[in-house]
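For reference, the structure discussed in these notes is given below.
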Amino acid sequence: MLDVSIRRKLGGFALDIAFQAEERGVTALFGRSGSGKTSVINAIAGLSRPDEGHIRVGDAVFFDSARRIDVAVEKRRVGYVFQESRLFPHMTVRSNLEYGLRRVAAAERRIALGPVVELLGLGGLLDRRPRGLSGGETQRVALGRALLAQPRLLLMDEPMAALDAARKAEILPYIERLRDEMNIPIVLVSHAVDEVVRLATTMVLIADGRVVAAGPVGAVMGRLDLSALSGIQDAGAVLDLTVERHIDADGLSALAFDGGRLTVPRVARPVGGAVRLHIHARDVIVALSPPSGISVRNALPGRVVAVAESGPSSADVQIAVGGSFLIARITRAAVRDLDLAPGREVVALVKGVAFEPDLIAPGPRRVVDV
Amino acid sequence: MLDVSIRRKLGGFALDIAFQAEERGVTALFGRSGSGKTSVINAIAGLSRPDEGHIRVGDAVFFDSARRIDVAVEKRRVGYVFQESRLFPHMTVRSNLEYGLRRVAAAERRIALGPVVELLGLGGLLDRRPRGLSGGETQRVALGRALLAQPRLLLMDEPMAALDAARKAEILPYIERLRDEMNIPIVLVSHAVDEVVRLATTMVLIADGRVVAAGPVGAVMGRLDLSALSGIQDAGAVLDLTVERHIDADGLSALAFDGGRLTVPRVARPVGGAVRLHIHARDVIVALSPPSGISVRNALPGRVVAVAESGPSSADVQIAVGGSFLIARITRAAVRDLDLAPGREVVALVKGVAFEPDLIAPGPRRVVDV
Amino acid sequence: AQDVLVLAAASTKNAVEKLAGQFKAKTGVAITSSFAASSALAKQIENGAPADLFISADLDWMDYLQKRNLIKVDSRVSLLGNELVVIAPKGSTLKPDLKPGGDLPALLGDGRLATGDPSNVPVGKYAQAALESFGQWAQIEPKLARTDNVRAALALVSRGEAPLGIVYRTDAAVDPGVAVVGVFPPGSHPAIVFPVALTATTTNANAVKFLDFLKSPEGLAVFQEFGFVPAPKLP
Amino acid sequence: MDLLSPMEMTALLLSLRVAGWAIVGSLPLAVLAAWVLGRYSFPGKTLVDGLVHLPLVLPPVVVGYILLITMGTKGVIGGWLLQTFGIKLIFTPEGASLAVAVTSFPLMVRAIRLSVEAIDGGLEAAARTLGAGPVDRFFTILLPLMAPGLLSGAIVAFAAAMGEFGAVITFVSNIPGRTQTLPLAIYAATQQPDGDAVAARLAVISFSVALVALMASEFLARRLRRLIGQG
Amino acid sequence: MDLLSPMEMTALLLSLRVAGWAIVGSLPLAVLAAWVLGRYSFPGKTLVDGLVHLPLVLPPVVVGYILLITMGTKGVIGGWLLQTFGIKLIFTPEGASLAVAVTSFPLMVRAIRLSVEAIDGGLEAAARTLGAGPVDRFFTILLPLMAPGLLSGAIVAFAAAMGEFGAVITFVSNIPGRTQTLPLAIYAATQQPDGDAVAARLAVISFSVALVALMASEFLARRLRRLIGQG
Ligand SMILES: Nc1ncnc2c1ncn2[C@@H]1O[C@H](COP(=O)(O)OP(=O)(O)OP(=O)(O)O)[C@@H](O)[C@H]1O
Ligand SMILES: Nc1ncnc2c1ncn2[C@@H]1O[C@H](COP(=O)(O)OP(=O)(O)OP(=O)(O)O)[C@@H](O)[C@H]1O
Ligand SMILES: [Mg+2]
Ligand SMILES: [Mg+2]
């Protein structure tokens, strides 16, 4: 388990952060620019020193002000993927990858070069220099380098912020594989909702140096006060589903969860596999009864739980669908016309088609924007 | 009029571009990374020299290989906003702004410091240094500096690529005001669809050093072969509308165009003002008849013009609505179920709520993502 | 009164400065003097230095100027002489017997003999002549520590890095760390002469007066105070 | 206690003046050389680079001789200067300045060149699009941005100039009050029976001046860098 | 035609050897000094910086005297070296190397320090997270990345070392075949009434060697920069 509790004054800025995360999976530190995300992971890496508190990863204590423990950076064995990659320009990709590996005793090497090269698709790059690599390739090498240092913990500081959409789409699947196939806790700093939703298990919302919300991604993202907390305009819910069957003729897959069934473009997961969907509030339509003669495939019966204003003319409607929640952003005029209030039975309509094909990638936890 | 026709060999890359654009408004050069966009505007600025061709702005000939004309960069009077801003670090914002201005004869100064400072909201920054400015502020200063050099033509090379969404939202309105309030042709390089849709009058699609499509934004964006041409996954149509009336009680505005009427969150434009909407294909629902008891406000009757596959399970349906076109991306299963084929009468449903409040900004041409 | 600019070999510095002081007291004429290597001074005169008087430590450089008509030939005199001495660090017990076949090479052992570079420093040239006349040059030449000026040779000896050195008697006085342990007999080397002359370009009457003062018994007495000897009569 | 005799004080002041003028006087040429070498490629660039380094490579005495031969009143340039402008360099403080300017020139050019090379060429391109021609750009963009490097180069060259001996004594001789700078005074002191202590004292003073100059340059360079927005 | 007499040839070869050893020998210390001055802040840093510059500031003859006093066989360090290791510096080529090493040291440190300062500190932080301690980082990250700067610093120092006169002749005197380097031979020639031609010829040779070295350094630095992925 990762257990972080630190306090630090940085000039006029006070950092006071505490959170815990599981041994496995991705913990996303999410917050606006300047909220203190980098400061937190720098403290975890040991690149900066908290005034007080403790930082533990599993059995290892990295820092404990009470016990006067402060392990040197180079002894912590945390993999750090920096925003600007920081590959060593004078070494080949191979030497970069092996830099951390060589500094770990042979007996402790669990992660070998071959599989990482395989995992991250670096085979063709090994003899090249960082200078010639594209942004996406660069970050993949940085990821591999950090991994091969046999880290107890992987830190990533906005590893995709400098990449354009295409490069980002190229690297996301690799991080997912990492999360799913390696038993290393990952702390991911991000201010991009889509990244967090797609990758994170746990979400820690940071504002002004403090944790304002933390928990499973679905729970945090489903909160109607999220935009107030985080500035996320892009409200939406996160559903975890399983593949029920593939409808090969139409190129679709049927996914099931406790609230019903969704049809989406074919997911590259076996039947029974887990898939995560990020359902944007702006993509959910509320109807009083299932309509017919319409291109929308998915109609989920549910009950209105809450209605909250989300803008001058719009409202967010939280709808319980089975044990999960959806959020629909609709005009207030529609709320009035449909007489939506807590308790009202409604049908949530969700378009199944609206996502880019390149968002499809394998992984036990799948995210598809709907 | 801007008239560009240039050929140039750059190592293995051949540039062969010709396009024309109006004296007023924004011409967007759109294309993937490496397609040659920067090379084109560098040639216009004179920072690189074409092998042959000509470049004319209004009466001024910048370059003409046949007539052996090649005006020096400093004589061309093009304002250039670079991606990395390139503000002079040793000067205050004021000195940066005045740098170009001072180098123009007093008689030729049409654009004065005061109005530009006003327009770009630089009042509070004048005595500061570039170093302390945020990304958005920096680009605004760069914009002002280019403007004050009294350019015949304004070039912008991905002026917002380095900015995060919030900074981008901060600067977009300023560029809109520039476009609308100054009589200077603007050439904007971008690989962001939303930017192009929001700002451009004319769109020039470049791939591999060649123009593959050019024309009014609505026409180019409405093409179903766009993704093949440009790699844009984010298909959609662009509609230009006028404000019909404001529904103050609901915080909505009704917009009219030749295909009917759309209700959207209140637009800060007077009645009669022009507004542009970018309607994403994934946000359009196709129904056979107007449904009732549903939160979707906008139902536009139209006729299917074309249906094209857009992915393994999805299809793009082009719908004529009055003289305009909408595109709807739906599953092929829905195409089959609804029996959609050219000529079929349908209703296009468009959610009116689905856009962020910070996208609302004044301007004669307004873009609202729907 | 017009000032006089004297260019003088560095080894005459102390005496010339004292004489300049006396001359000033007597006549009110200020003497400005510049001390450097004779070669440098000669070349400066050749290249137009506005000097009035040149005191050289070396006949060659005075001849050099004379050949180029850069001095007033009739003003040229051999002002001073000097003695060539062997020095050792203070407290050294070495006492070389300076004569043909003498013990100088033996005393040197595997140490070095510090002196000016015989190829261009006057004192080195005299040392070479003396050692040649003793028939010891071939033995000693590989053991020379050649310096570019006398002061460096003095330092080597006074620091004990070289057990022996050959310098002018006047130089030996500069460094308290050395002692004169032998004097070369006059016949063992060409006479040491410090020639002096007015430059060809000078029109300064005071320079003539100062030269006369240097040549006067009063002047020569001061030079002798610093260890110089009267100039030998040249053939 | 008087640290310095009047004559030593004269030598110190003269050194400061000689070195100061040398640096100020050669700065424009050094900046020009650094700019050209740092920004442009042309045939024979290596030769120019070599010539700039020449005074570093040659023994100072040789530099002094070359100056004497060319810039003396009988020399080609020196004679012309004398006849045309009545400027005489030999035996004058101005000549001493020239000598130390020449020997410290390579140091200055190297330092300034590095700071020229560090300036983002994009800023110059930006200035071009804003209508600035080459000279304009040089004064408004390059010069201010190279200022910290220029300062530190100038100060190191100044420190080196304070210590120059061979070229000075060979070219302008050793005239107290006119050309006897601190190093020459140190040399003169070593020619006297009791001069070692004086020489040591003068050496310490020389070092202190250089140290103060270096400290001042670090401090000023930091401030300058902040002033031009890069600290 | 023989360009050089055997003696001059000897002087040239000796110069190359003396300067070469001087640079090679002082390089580690120069790198250390550059690293410490370029990367760390500590009290007294300015003083250390001043001391590093000292040989640039003092007249070379004074440097030679200081070496004579400390490193001669009767000097504190020199005596210890002689007794402990049997190493004698005075009158030897090794002593000449020491003398030119000292005078060219500041040039080397300055150049290397600039290249240390240009290295992105983020790379070192990255290496730390990958388990590299300070010495490890120094050899695997800093040293390779500073190589081009180090090379060009070393070559300029080498060129300057080829020209050093005062410190050499004062410390190890002028012994043909042992300590008579090219500048000493040039000096000797200039001191002879008919030596100008010889001096000029030797100076040209000296300059050519330096020019070749500078050209080689530019070329190598470019290649190195490409090799470390920064050209
Ligand atoms: N050394 C420091 N001294 C003073 N303030 C500091 C220091 N380091 C960071 N800060 C401040 O701490 C706050 C948090 O910085 P931090 O870099 O951790 O933010 P962040 O969440 O990573 O932001 P971003 O998304 O922009 O990277 C900022 O307001 C910053 O100005
Ligand atoms: N000097 C050059 N020599 C060789 N090839 C060049 C040169 N300059 C540009 N190119 C090539 O020309 C192509 C177009 O480059 P350009 O910078 O114009 O693209 P771009 O569309 O602006 O890309 P981006 O969106 O990444 O800025 C690229 O493939 C690039 O590699
Ligand atoms: Mg950060
Ligand atoms: Mg570009």
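How things are named: the first chain in the structure tokens is A, the next is B, and so on; residues count from 1 in each chain; ligands count from 1 in the order shown.
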Note to self: Taking only C-alpha atoms and all ligand atoms and a cut-off of 12 Å, can you tell me which residues surround ligand 3, written as JSON, numbers by chain?
What the structure shows: {"A": [29, 30, 31, 32, 33, 34, 35, 36, 37, 38, 39, 40, 41, 42, 82, 83, 84, 156, 157, 158, 159, 161, 188, 189, 190, 191, 206]}
Next item on the list: Hey, list the chain B side of the contact with chain A: 7 Å cut-off, only C-alpha atoms, answer as a VMD selection string.
Entry: chain B and resid 233 250 to 252 265 282 285 to 288 291 293 to 296 311 to 314 329 to 334 338 353 to 354 356
Next item on the list: Skip Ala199 in chain D itself and residues of its chain fewer than 5 positions away, then list as a ChimeraX atom specification all residues within 10 Å of it, counting only C-alpha atoms.
Entry: /D:182-183,185-192,194,204-205 /E:62
Note to self: What's around Leu82 in chain D at 10 Å? Count only C-alpha atoms, leave out sequence neighbours fewer than 5 positions away in its own chain, and write the answer as an MDAnalysis selection string.
What the structure shows: chainID D and resid 71:75 77 87:89
Could you save the residues just selected, with all heavy atoms, as a PDB file, in the first residue's frame?
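Result written to again.pdb:
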ATOM      1  N   MET D  71      53.501  49.244 -34.754  1.00  0.00           N
ATOM      2  CA  MET D  71      52.837  50.410 -34.201  1.00  0.00           C
ATOM      3  C   MET D  71      53.810  51.454 -33.668  1.00  0.00           C
ATOM      4  O   MET D  71      53.388  52.494 -33.166  1.00  0.00           O
ATOM      5  CB  MET D  71      51.888  50.007 -33.068  1.00  0.00           C
ATOM      6  CG  MET D  71      50.935  48.866 -33.411  1.00  0.00           C
ATOM      7  SD  MET D  71      49.754  49.289 -34.693  1.00  0.00           S
ATOM      8  CE  MET D  71      48.672  50.330 -33.770  1.00  0.00           C
ATOM      9  N   GLY D  72      55.131  51.162 -33.728  1.00  0.00           N
ATOM     10  CA  GLY D  72      56.101  52.176 -33.342  1.00  0.00           C
ATOM     11  C   GLY D  72      56.039  53.327 -34.339  1.00  0.00           C
ATOM     12  O   GLY D  72      55.420  53.206 -35.400  1.00  0.00           O
ATOM     13  N   THR D  73      56.688  54.453 -34.004  1.00  0.00           N
ATOM     14  CA  THR D  73      56.556  55.609 -34.911  1.00  0.00           C
ATOM     15  C   THR D  73      57.197  55.322 -36.264  1.00  0.00           C
ATOM     16  O   THR D  73      56.914  55.984 -37.241  1.00  0.00           O
ATOM     17  CB  THR D  73      57.199  56.868 -34.304  1.00  0.00           C
ATOM     18  OG1 THR D  73      58.527  56.547 -33.909  1.00  0.00           O
ATOM     19  CG2 THR D  73      56.412  57.350 -33.114  1.00  0.00           C
ATOM     20  N   LYS D  74      58.098  54.323 -36.322  1.00  0.00           N
ATOM     21  CA  LYS D  74      58.671  53.949 -37.603  1.00  0.00           C
ATOM     22  C   LYS D  74      57.887  52.829 -38.278  1.00  0.00           C
ATOM     23  O   LYS D  74      58.193  52.423 -39.378  1.00  0.00           O
ATOM     24  CB  LYS D  74      60.122  53.473 -37.409  1.00  0.00           C
ATOM     25  CG  LYS D  74      60.995  54.419 -36.621  1.00  0.00           C
ATOM     26  CD  LYS D  74      61.568  55.514 -37.504  1.00  0.00           C
ATOM     27  CE  LYS D  74      62.275  56.575 -36.687  1.00  0.00           C
ATOM     28  NZ  LYS D  74      63.481  56.062 -35.978  1.00  0.00           N
ATOM     29  N   GLY D  75      56.927  52.298 -37.563  1.00  0.00           N
ATOM     30  CA  GLY D  75      56.146  51.182 -38.110  1.00  0.00           C
ATOM     31  C   GLY D  75      55.128  51.674 -39.113  1.00  0.00           C
ATOM     32  O   GLY D  75      54.814  52.863 -39.205  1.00  0.00           O
ATOM     33  N   ILE D  77      51.816  51.159 -39.385  1.00  0.00           N
ATOM     34  CA  ILE D  77      50.589  51.731 -38.838  1.00  0.00           C
ATOM     35  C   ILE D  77      50.902  52.881 -37.896  1.00  0.00           C
ATOM     36  O   ILE D  77      50.303  53.948 -37.952  1.00  0.00           O
ATOM     37  CB  ILE D  77      49.788  50.647 -38.097  1.00  0.00           C
ATOM     38  CG1 ILE D  77      49.590  49.439 -39.017  1.00  0.00           C
ATOM     39  CG2 ILE D  77      48.459  51.217 -37.613  1.00  0.00           C
ATOM     40  CD1 ILE D  77      48.979  48.256 -38.333  1.00  0.00           C
ATOM     41  N   ILE D  87      49.036  60.806 -33.308  1.00  0.00           N
ATOM     42  CA  ILE D  87      48.910  59.878 -32.183  1.00  0.00           C
ATOM     43  C   ILE D  87      50.194  59.077 -32.054  1.00  0.00           C
ATOM     44  O   ILE D  87      50.663  58.463 -33.004  1.00  0.00           O
ATOM     45  CB  ILE D  87      47.738  58.910 -32.410  1.00  0.00           C
ATOM     46  CG1 ILE D  87      46.417  59.680 -32.371  1.00  0.00           C
ATOM     47  CG2 ILE D  87      47.758  57.814 -31.355  1.00  0.00           C
ATOM     48  CD1 ILE D  87      45.235  58.825 -32.735  1.00  0.00           C
ATOM     49  N   LYS D  88      50.751  59.098 -30.858  1.00  0.00           N
ATOM     50  CA  LYS D  88      51.953  58.334 -30.616  1.00  0.00           C
ATOM     51  C   LYS D  88      51.642  57.280 -29.566  1.00  0.00           C
ATOM     52  O   LYS D  88      51.067  57.585 -28.519  1.00  0.00           O
ATOM     53  CB  LYS D  88      53.048  59.278 -30.101  1.00  0.00           C
ATOM     54  CG  LYS D  88      54.417  58.769 -30.390  1.00  0.00           C
ATOM     55  CD  LYS D  88      55.408  59.890 -30.325  1.00  0.00           C
ATOM     56  CE  LYS D  88      56.405  59.629 -29.216  1.00  0.00           C
ATOM     57  NZ  LYS D  88      57.342  60.731 -29.073  1.00  0.00           N
ATOM     58  N   LEU D  89      51.967  56.036 -29.872  1.00  0.00           N
ATOM     59  CA  LEU D  89      51.631  54.964 -28.940  1.00  0.00           C
ATOM     60  C   LEU D  89      52.812  54.504 -28.106  1.00  0.00           C
ATOM     61  O   LEU D  89      52.673  54.178 -26.938  1.00  0.00           O
ATOM     62  CB  LEU D  89      51.061  53.766 -29.725  1.00  0.00           C
ATOM     63  CG  LEU D  89      49.696  54.045 -30.348  1.00  0.00           C
ATOM     64  CD1 LEU D  89      49.316  52.938 -31.305  1.00  0.00           C
ATOM     65  CD2 LEU D  89      48.651  54.212 -29.253  1.00  0.00           C
TER      66      LEU D  89
END
Margin query: Please identify the strand (DSSP E or B) residues within range 17-215 of chain C (assignment by DSSP from backbone atoms) and present them as a PyMOL selection string.
Written below: chain C and resi 31-36+53-55+71+77-81+84-89+113-116+144-147+164-168+178-183+193-199
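Taking CA of Lys75 in chain A and CA of Gly123 in chain A as endpoints, the distance between them is 29.5 Å.
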Spatial neighbours of range 150-159 of chain E, max dist 7 Å, only C-alpha atoms, sep filter under 5 positions, as a compact mmCIF listing (two decimals) with N, CA and C atoms, in the first residue's frame:
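Ended up saving to part06.txt:
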# COMPACT_ATOMS: atom_id res chain seq x y z
N VAL D 57 48.31 32.50 -28.06
CA VAL D 57 49.24 31.44 -28.42
C VAL D 57 50.69 31.93 -28.39
N ALA E 19 53.05 20.75 -23.34
CA ALA E 19 51.68 21.25 -23.31
C ALA E 19 50.69 20.10 -23.21
N GLY E 20 50.96 19.04 -23.95
CA GLY E 20 50.07 17.88 -23.92
C GLY E 20 49.93 17.30 -22.53
N ILE E 23 47.99 19.58 -20.14
CA ILE E 23 46.53 19.57 -20.28
C ILE E 23 45.96 18.26 -19.75
N SER E 104 47.61 27.81 -17.67
CA SER E 104 46.46 27.63 -18.56
C SER E 104 45.23 27.10 -17.83
N LEU E 107 41.81 29.09 -17.96
CA LEU E 107 41.13 29.03 -19.25
C LEU E 107 40.32 27.75 -19.36
N MET E 108 40.93 26.67 -18.92
CA MET E 108 40.28 25.37 -19.01
C MET E 108 39.05 25.34 -18.11
N ALA E 111 36.07 27.34 -19.52
CA ALA E 111 35.36 26.71 -20.63
C ALA E 111 34.52 25.53 -20.15
N ILE E 112 35.09 24.71 -19.31
CA ILE E 112 34.37 23.51 -18.86
C ILE E 112 33.19 23.91 -17.99
N ALA E 210 48.86 25.91 -33.27
CA ALA E 210 47.66 26.31 -32.53
C ALA E 210 46.45 26.30 -33.45
N ALA E 213 45.30 22.87 -34.00
CA ALA E 213 44.63 22.38 -32.79
C ALA E 213 43.22 22.95 -32.70
N LEU E 214 43.09 24.24 -32.99
CA LEU E 214 41.76 24.86 -32.91
C LEU E 214 40.81 24.27 -33.94
N SER E 217 39.78 20.98 -32.87
CA SER E 217 38.84 21.01 -31.75
C SER E 217 37.44 21.36 -32.22
N ALA E 221 34.60 18.79 -31.67
CA ALA E 221 33.48 19.20 -30.82
C ALA E 221 32.16 19.02 -31.56
Note to self: So that I can see what lies close to Gly58 in chain A, please list as a ChimeraX atom specification the residues with an atom at most 9 Å from it, counting only C-alpha atoms and leaving out residues fewer than 5 positions away in the same chain.
What the structure shows: /A:1-3,23,152
Notebook entry, point to check: Which neighbours of range 220-225 of chain B fall inside 8 Å, counting only C-alpha atoms, when residues of the same chain fewer than 2 positions from it are skipped, and could you give them as a PyMOL selection string?
Noted result: chain B and resi 203+213-218+227-229+235-238+308+316+318+325-327
Item checked: Separation of CA of Trp35 in chain E from CA of Arg223 in chain E, in Å and rounded to one decimal -> 23.0 Å
Based on only C-alpha atoms, which of the residues in chain E come within 6 Å of chain D? I want them as a compact mmCIF listing (two decimals) with C-alpha atoms, in the first residue's frame.
# COMPACT_ATOMS: atom_id res chain seq x y z
CA GLY E 50 39.31 33.94 -7.53
CA LEU E 56 45.40 34.51 -15.24
CA VAL E 57 45.75 37.64 -13.17
CA LEU E 58 49.34 37.40 -12.03
CA PRO E 59 52.22 38.03 -14.42
CA ALA E 159 47.16 26.49 -27.48
CA ALA E 160 47.83 28.89 -24.63
CA GLY E 163 52.74 29.90 -25.94
CA GLU E 164 53.61 30.15 -22.27
CA PHE E 165 56.95 31.75 -21.60
CA PRO E 183 58.30 30.25 -26.90
CA LEU E 211 45.54 26.81 -35.62
Next item on the list: Work out how far CA of Gly95 in chain D is from CA of Leu81 in chain D, in Å to one decimal.
Entry: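 If I compute the distance from CA of Leu81 in chain D to CA of Gly95 in chain D, I get 12.2 Å.
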Margin query: I need the residues of range 122-244 of chain A that end up classed as helix (DSSP H, G or I) by DSSP on the backbone, written out as a PyMOL selection string.
Written below: chain A and resi 123-125+130-132+135-148+165-181+193-199+217-221+226-230
